Amino acid sequence: MAGTEISHVSTVDEAVGGRPEVSVVVTLFQERETLDELHRRLTAALEAFGRSYEVLYVDDGSTDGTFAALERLHETDHRLRAVRLKRNAGQHPAMHAGLSRARGTIVVTMDGDLQNPPEDVPRLVEAVEAGNDVASGRRAARHDSWGRTVPSRLINGMLRRFTGVEISDFGCAFNAYRRDAVEPMLGAIGRQKFTKALVLSGGASVVEVDVGHAPRQDASRYSPLRLTRLALHVLAGFWPQPIQTAGILLGTLCSLASLALGTYALAYWISHGDFPGPLLLGALVVAVLGVQGFILALVGGLLGRIL
């Protein structure tokens, strides 16, 4: 999350009292119509659960009156805290703004669009209380179009490969974290779009918990372009030493191509007696590209040790 986004916040109320057992961080964008129902269901579930709690809403630059609705709710519920980003920064920066301000021993993250049932919060918290660092929500009966689920499966597969963590749903924002597992990652979370993958890649223990998943009440905000950008973000953020891998691939392919072209040029020279200047020049150019590829791989390896 860029520095300007961190500084551009306003808070309904500063927390008072001791540290609660549970913090629920809810990211919101244009959710005024469903906010009352969300807060009613969430607080009912937390009251019945019997743990001390706070609810920290992060308004991600909404323009529909979401923050005014939060101010109204705060007048009757002082366990509600709210942060407002002055511009729409996206789900992950908004979540970081909430995680960095949550005070609970266990922190639950969720979207505010009512696809995540608030009634499942206690199940996630209990899974962490059982001795796990992370309770990873798994949308067992997912209500999304194929345009969302197919790219999601691809991204999940990439994250399993690059992080070495065998969970099935990295993209679910409905999770619970032990504070001690999140705090060391807060600086990196501000720049990373996959909070759960980042925490788990640091060696945190995890258990998957099946959670409900309701159909969206409006159109998905994840366009094909945005999903593609997320996939590229996974490659840039989690692929170990991508420059080294790309350099080795380029160097190997160019070396093989140069060898094949040079062999063909030599055979042509022997059989026809004509000096194949263009062919040999092409082989030399491709060979130089191969050398550059291996140099790139060397640089990638050095960067991997430094970073």
# chains A, B, ... in the order shown; residues from 1 in each chain; ligands from 1

call {"tool": "residues_around", "arguments": {"residues": "Val24 of chain A", "least_positions_apart": "6", "cutoff": "8 Å", "atoms": "only C-alpha atoms", "output": "list of chain:residue names"}}
result
A:Tyr53, A:Glu54, A:Val55, A:Leu56, A:Ala102, A:Val107, A:Val108, A:Thr109, A:Met110

call {"tool": "write_last_selection", "arguments": {"atoms": "C-alpha atoms", "output": "PDB file, in the first residue's frame"}}
result
ATOM      1  CA  TYR A  53     -14.465  -8.314  20.235  1.00  0.00           C
ATOM      2  CA  GLU A  54     -14.168  -5.255  18.038  1.00  0.00           C
ATOM      3  CA  VAL A  55     -15.391  -4.778  14.470  1.00  0.00           C
ATOM      4  CA  LEU A  56     -13.134  -2.661  12.277  1.00  0.00           C
ATOM      5  CA  ALA A 102      -6.739  -4.313  14.516  1.00  0.00           C
ATOM      6  CA  VAL A 107      -7.942 -11.243  13.594  1.00  0.00           C
ATOM      7  CA  VAL A 108     -10.675 -12.302  11.168  1.00  0.00           C
ATOM      8  CA  THR A 109     -10.775 -10.786   7.671  1.00  0.00           C
ATOM      9  CA  MET A 110     -13.837 -10.751   5.446  1.00  0.00           C
TER      10      MET A 110
END

call {"tool": "residues_around", "arguments": {"residues": "segment 125-134 of chain A", "least_positions_apart": "4", "cutoff": "8 Å", "atoms": "only C-alpha atoms", "output": "compact mmCIF listing (two decimals) with C-alpha atoms, in the first residue's frame"}}
result
# COMPACT_ATOMS: atom_id res chain seq x y z
CA VAL A 22 -11.20 -11.06 18.44
CA ILE A 106 -7.10 -13.26 16.71
CA VAL A 108 -10.68 -12.30 11.17
CA VAL A 121 -16.77 -16.18 12.14
CA ASN A 175 -9.89 -16.11 7.16
CA ALA A 176 -8.69 -15.94 10.76
CA TYR A 177 -5.12 -15.20 11.79
CA ARG A 178 -3.24 -15.36 15.04
CA ALA A 181 1.58 -14.71 12.57
CA LEU A 200 1.64 -18.97 4.94
CA ALA A 204 2.64 -20.31 9.56
CA SER A 205 0.59 -23.40 10.36
CA VAL A 206 -2.79 -23.61 8.63
CA VAL A 207 -6.04 -25.52 8.70
CA VAL A 209 -12.31 -24.48 7.27

call {"tool": "atom_distance", "arguments": {"atom1": "atom CA of Leu99 of chain A", "atom2": "atom CA of Leu154 of chain A"}}
result
27.1 Å

call {"tool": "residues_around", "arguments": {"residues": "segment 261-276 of chain A", "least_positions_apart": "6", "cutoff": "12 Å", "atoms": "only C-alpha atoms", "output": "list in words"}}
result
Cys254, Ser255, Gly282, Ala283, Leu284, Val285, Val286 and Ala287 of chain A

call {"tool": "closest_residue", "arguments": {"among": "A:Gly65, A:Gly212, A:Gly251, A:Gly290", "to": "Arg123 of chain A", "atoms": "only C-alpha atoms"}}
result
A:Gly212

call {"tool": "closest_residue", "arguments": {"among": "A:Pro117, A:Gly171, A:Pro122, A:Gly293", "to": "Arg41 of chain A", "atoms": "only C-alpha atoms"}}
result
A:Pro117

call {"tool": "closest_residue", "arguments": {"among": "A:Val58, A:Val299, A:Leu80, A:Leu256", "to": "Thr43 of chain A", "atoms": "only C-alpha atoms"}}
result
A:Leu80
